[in-house]
Amino acid sequence: MTIVGNITALPIVDLRADFGRLRNSLRVAAHEVGFFYLTGHDVPADLAAAVLDVARRFFALPQPDKDAIAMVRSPHFRGYTRLGGELTGGEVDWREQIDIGPERAPIGGADKTDYLWLQGPNQWPTALPELPGVIAEWDAALSGVARTLLSHWAAALGSPADVFDAAFAGEPATLIKVVRYPVSAASSQGVGAHRDSGVLTLLLAEPGSRGLQVRRGDHWVDVPALDGAFVVNIGELLEIATGGYLRATEHRVNLQRGVTDRLSVPYFFNPRLDAQIPVLSLPAELAAHAVPHRDPSDPIFSVYGRNAWKSRLRAHPDVAAAHGYSAGRV
């Protein structure tokens, strides 16, 4: 593992390294930090540039065009959220964004406490017809990277490389957010301190952007964009799957650190809504260093849909109220 001390406090993992070195680097980075930069992923630079370009053009649309696809119109938590329209830890996040998931038919029923309502169609801006195609290409490219990472983590932890495959078979519930943090904000909280509710996240950040911070012990560490690299972090389900050996680390976006608008595109790689993540049997030398999650006030559910439902209801109470949702089956 390469750590460039005077540039970043995060490890840099090269996906092109030989398997032995790569797996050791992934295991150490995810155990000790829960965050790292990923290089050597072979995602074309021109595709990343296209994603950021279409993101800029989306946020440059007139406000009525964006409001026409407001998330509050969607029973599936898809669409646009205005500045100040999302909460983290009960506090307002100062960012605007569009949430995009797999384009599928709704499966939610009469039960308004059912996480199956998270599946359904997206809302797309009519003024930007190329957006769905770019996002679909991005989804396909990053899904391949995420599956590769999971197989290497499984092997690095003493399990078969395909141990997670069944949970992602069929219809994975991936989520893509396209986010803009304004340079002039009403609050320093771009997004409050949180841990991701899924399996793993690959973040594309606009070159030169700042603001992302990761908790390391009692301190917050700046994580500036690194050209050509993704920022990768572990979600709560991978922490559960490893008995707490791999760490879902708190992170936030602090707008006091920004000097320009920040564009970012987090890709949340999640299994099917009804999938239960397997719990791995770790080798004794690794299990001895696992720290299980022990916060009964904020449980982590091994069924992904339950964990995601909990997160969505907290973050978007206006959407929950508009569609009559309640916590119920969390």
# chains A, B, ... in the order shown; residues from 1 in each chain; ligands from 1
>>> residues_around(residues="A:Pro125", least_positions_apart="6", cutoff="8 Å", atoms="only C-alpha atoms", output="number ranges by chain")
A: 65-66, 68-69
>>> select_by_dssp(residues="stretch 111-323 of chain A", states="strand (DSSP E)", output="MDAnalysis selection string")
chainID A and resid 175:181 189:194 200:205 212:216 219:222 230:234 251:254 262:269
>>> select_by_dssp(residues="stretch 72-275 of chain A", states="helix (DSSP H, G or I)", output="NGL selection string")
:A and (72-73 or 115-118 or 131-156 or 165-168 or 236-241 or 255-257)
>>> write_last_selection(atoms="N, CA and C atoms", output="compact mmCIF listing (two decimals), in the first residue's frame")
# COMPACT_ATOMS: atom_id res chain seq x y z
N VAL A 72 -40.04 14.83 -3.87
CA VAL A 72 -41.28 14.70 -3.12
C VAL A 72 -42.42 14.16 -4.00
N ARG A 73 -42.27 14.24 -5.33
CA ARG A 73 -43.27 13.69 -6.25
C ARG A 73 -43.12 12.18 -6.42
N TYR A 115 -40.08 -1.50 2.77
CA TYR A 115 -38.93 -1.00 2.03
C TYR A 115 -39.00 -1.30 0.53
N LEU A 116 -39.90 -2.18 0.10
CA LEU A 116 -40.02 -2.47 -1.34
C LEU A 116 -40.45 -1.24 -2.13
N TRP A 117 -40.98 -0.22 -1.44
CA TRP A 117 -41.32 1.03 -2.12
C TRP A 117 -40.08 1.73 -2.67
N LEU A 118 -38.90 1.33 -2.26
CA LEU A 118 -37.68 1.95 -2.77
C LEU A 118 -37.42 1.60 -4.23
N LEU A 131 -29.00 12.65 -20.18
CA LEU A 131 -28.64 12.24 -18.83
C LEU A 131 -28.84 10.74 -18.58
N PRO A 132 -29.98 10.14 -18.94
CA PRO A 132 -30.15 8.70 -18.67
C PRO A 132 -29.08 7.82 -19.30
N GLY A 133 -28.68 8.14 -20.53
CA GLY A 133 -27.68 7.33 -21.21
C GLY A 133 -26.31 7.41 -20.54
N VAL A 134 -25.91 8.61 -20.14
CA VAL A 134 -24.62 8.78 -19.46
C VAL A 134 -24.62 8.04 -18.13
N ILE A 135 -25.72 8.16 -17.40
CA ILE A 135 -25.81 7.49 -16.09
C ILE A 135 -25.79 5.97 -16.25
N ALA A 136 -26.46 5.45 -17.27
CA ALA A 136 -26.47 4.00 -17.50
C ALA A 136 -25.06 3.49 -17.80
N GLU A 137 -24.31 4.25 -18.59
CA GLU A 137 -22.94 3.85 -18.91
C GLU A 137 -22.07 3.90 -17.66
N TRP A 138 -22.28 4.91 -16.83
CA TRP A 138 -21.53 5.04 -15.58
C TRP A 138 -21.86 3.88 -14.63
N ASP A 139 -23.11 3.54 -14.53
CA ASP A 139 -23.54 2.44 -13.67
C ASP A 139 -22.86 1.13 -14.09
N ALA A 140 -22.84 0.85 -15.39
CA ALA A 140 -22.23 -0.39 -15.87
C ALA A 140 -20.74 -0.44 -15.55
N ALA A 141 -20.05 0.69 -15.74
CA ALA A 141 -18.61 0.71 -15.50
C ALA A 141 -18.28 0.54 -14.03
N LEU A 142 -19.01 1.23 -13.16
CA LEU A 142 -18.69 1.17 -11.73
C LEU A 142 -19.17 -0.11 -11.07
N SER A 143 -20.22 -0.71 -11.61
CA SER A 143 -20.65 -2.00 -11.10
C SER A 143 -19.54 -3.04 -11.25
N GLY A 144 -18.86 -3.01 -12.38
CA GLY A 144 -17.75 -3.94 -12.58
C GLY A 144 -16.63 -3.74 -11.59
N VAL A 145 -16.29 -2.47 -11.33
CA VAL A 145 -15.24 -2.17 -10.34
C VAL A 145 -15.66 -2.66 -8.95
N ALA A 146 -16.90 -2.37 -8.58
CA ALA A 146 -17.37 -2.74 -7.24
C ALA A 146 -17.39 -4.25 -7.06
N ARG A 147 -17.83 -4.99 -8.06
CA ARG A 147 -17.85 -6.45 -7.95
C ARG A 147 -16.44 -7.00 -7.80
N THR A 148 -15.49 -6.40 -8.53
CA THR A 148 -14.09 -6.82 -8.41
C THR A 148 -13.57 -6.59 -7.00
N LEU A 149 -13.87 -5.42 -6.44
CA LEU A 149 -13.42 -5.12 -5.08
C LEU A 149 -14.00 -6.12 -4.08
N LEU A 150 -15.28 -6.42 -4.20
CA LEU A 150 -15.91 -7.35 -3.25
C LEU A 150 -15.28 -8.73 -3.33
N SER A 151 -14.98 -9.19 -4.53
CA SER A 151 -14.38 -10.52 -4.65
C SER A 151 -13.00 -10.55 -4.01
N HIS A 152 -12.24 -9.48 -4.16
CA HIS A 152 -10.91 -9.44 -3.55
C HIS A 152 -10.99 -9.33 -2.03
N TRP A 153 -11.95 -8.54 -1.52
CA TRP A 153 -12.11 -8.48 -0.07
C TRP A 153 -12.47 -9.84 0.50
N ALA A 154 -13.40 -10.54 -0.16
CA ALA A 154 -13.81 -11.85 0.33
C ALA A 154 -12.60 -12.78 0.43
N ALA A 155 -11.80 -12.82 -0.64
CA ALA A 155 -10.62 -13.68 -0.63
C ALA A 155 -9.61 -13.24 0.43
N ALA A 156 -9.45 -11.92 0.59
CA ALA A 156 -8.50 -11.41 1.59
C ALA A 156 -8.91 -11.75 3.01
N ASP A 165 -21.79 -12.94 -4.18
CA ASP A 165 -22.45 -12.87 -5.48
C ASP A 165 -23.97 -13.07 -5.39
N ALA A 166 -24.41 -14.00 -4.56
CA ALA A 166 -25.84 -14.31 -4.49
C ALA A 166 -26.66 -13.10 -4.06
N ALA A 167 -26.10 -12.27 -3.17
CA ALA A 167 -26.84 -11.09 -2.69
C ALA A 167 -27.02 -10.05 -3.78
N PHE A 168 -26.15 -10.08 -4.78
CA PHE A 168 -26.21 -9.10 -5.86
C PHE A 168 -26.82 -9.67 -7.14
N GLU A 236 -22.19 0.20 5.95
CA GLU A 236 -22.55 -0.53 7.17
C GLU A 236 -22.74 -2.03 6.93
N LEU A 237 -23.24 -2.41 5.76
CA LEU A 237 -23.49 -3.84 5.53
C LEU A 237 -22.20 -4.63 5.42
N LEU A 238 -21.14 -4.03 4.89
CA LEU A 238 -19.86 -4.74 4.82
C LEU A 238 -19.23 -4.82 6.21
N GLU A 239 -19.50 -3.83 7.04
CA GLU A 239 -19.06 -3.91 8.43
C GLU A 239 -19.76 -5.07 9.14
N ILE A 240 -21.07 -5.19 8.95
CA ILE A 240 -21.83 -6.28 9.54
C ILE A 240 -21.35 -7.63 9.02
N ALA A 241 -21.09 -7.71 7.71
CA ALA A 241 -20.67 -8.96 7.09
C ALA A 241 -19.35 -9.47 7.64
N LEU A 255 -18.30 22.72 4.23
CA LEU A 255 -18.22 23.76 3.21
C LEU A 255 -17.30 24.90 3.59
N GLN A 256 -16.88 24.97 4.82
CA GLN A 256 -15.91 26.01 5.20
C GLN A 256 -14.57 25.81 4.52
N ARG A 257 -14.34 24.58 4.07
CA ARG A 257 -13.06 24.25 3.44
C ARG A 257 -13.07 24.50 1.94
>>> residues_around(residues="A:Asp42", least_positions_apart="3", cutoff="12 Å", atoms="only C-alpha atoms", output="PDB file with C-alpha atoms, in the first residue's frame")
ATOM      1  CA  ASP A  14      -3.818   0.236  -7.100  1.00  0.00           C
ATOM      2  CA  LEU A  15      -6.329  -2.215  -8.593  1.00  0.00           C
ATOM      3  CA  ARG A  16      -3.683  -3.355 -11.098  1.00  0.00           C
ATOM      4  CA  LEU A  38      -8.513   3.646  -5.778  1.00  0.00           C
ATOM      5  CA  THR A  39      -6.345   3.887  -8.880  1.00  0.00           C
ATOM      6  CA  ALA A  45     -11.259   9.280 -18.073  1.00  0.00           C
ATOM      7  CA  ASP A  46     -13.494  10.567 -20.847  1.00  0.00           C
ATOM      8  CA  LEU A  47     -16.490   8.796 -19.275  1.00  0.00           C
ATOM      9  CA  ALA A  48     -15.778  10.430 -15.917  1.00  0.00           C
ATOM     10  CA  ALA A 141     -18.608   0.715 -15.503  1.00  0.00           C
ATOM     11  CA  LEU A 142     -18.687   1.169 -11.734  1.00  0.00           C
ATOM     12  CA  GLY A 144     -17.755  -3.941 -12.580  1.00  0.00           C
ATOM     13  CA  VAL A 145     -15.240  -2.174 -10.343  1.00  0.00           C
ATOM     14  CA  THR A 148     -14.094  -6.820  -8.414  1.00  0.00           C
ATOM     15  CA  GLY A 228      -7.886   9.756 -11.838  1.00  0.00           C
ATOM     16  CA  ALA A 229      -8.808   8.109  -8.541  1.00  0.00           C
ATOM     17  CA  PHE A 230     -12.059   7.171  -6.862  1.00  0.00           C
TER      18      PHE A 230
END
>>> atom_distance(atom1="atom CA of A:Gly217", atom2="atom CA of A:Glu32")
10.7 Å
>>> closest_residue(among="A:Phe35, A:Phe58, A:Tyr181, A:Tyr245", to="A:Glu285", atoms="only C-alpha atoms")
A:Tyr245
>>> residues_around(residues="A:Val178", least_positions_apart="3", cutoff="8 Å", atoms="only C-alpha atoms", output="list in words")
Ala55, Gln97, Ile98, Asp99, Leu263, Ser264, Val265 and Pro266 of chain A
>>> residues_around(residues="stretch 270-279 of chain A", least_positions_apart="4", cutoff="8 Å", atoms="only C-alpha atoms", output="number ranges by chain")
A: 115-116, 163-164, 167-175, 198-200, 237-238, 240-243, 302-306
>>> atom_distance(atom1="atom CA of A:Ser326", atom2="atom CA of A:Arg314")
10.2 Å
>>> closest_residue(among="A:Ala29, A:Ser184, A:Gly244, A:Pro62", to="A:Ala9", atoms="only C-alpha atoms")
A:Ala29
>>> atom_distance(atom1="atom CA of A:Trp309", atom2="atom CA of A:Arg216")
27.6 Å
>>> closest_residue(among="A:Met71, A:Ala225, A:Ile176, A:Ala127", to="A:Ala315", atoms="only C-alpha atoms")
A:Met71
>>> closest_residue(among="A:Tyr80, A:Phe301, A:Tyr37, A:Trp124", to="A:Lys177", atoms="only C-alpha atoms")
A:Tyr80
>>> residues_around(residues="A:Val221", least_positions_apart="5", cutoff="9 Å", atoms="only C-alpha atoms", output="ChimeraX atom specification")
/A:8-10,212-216
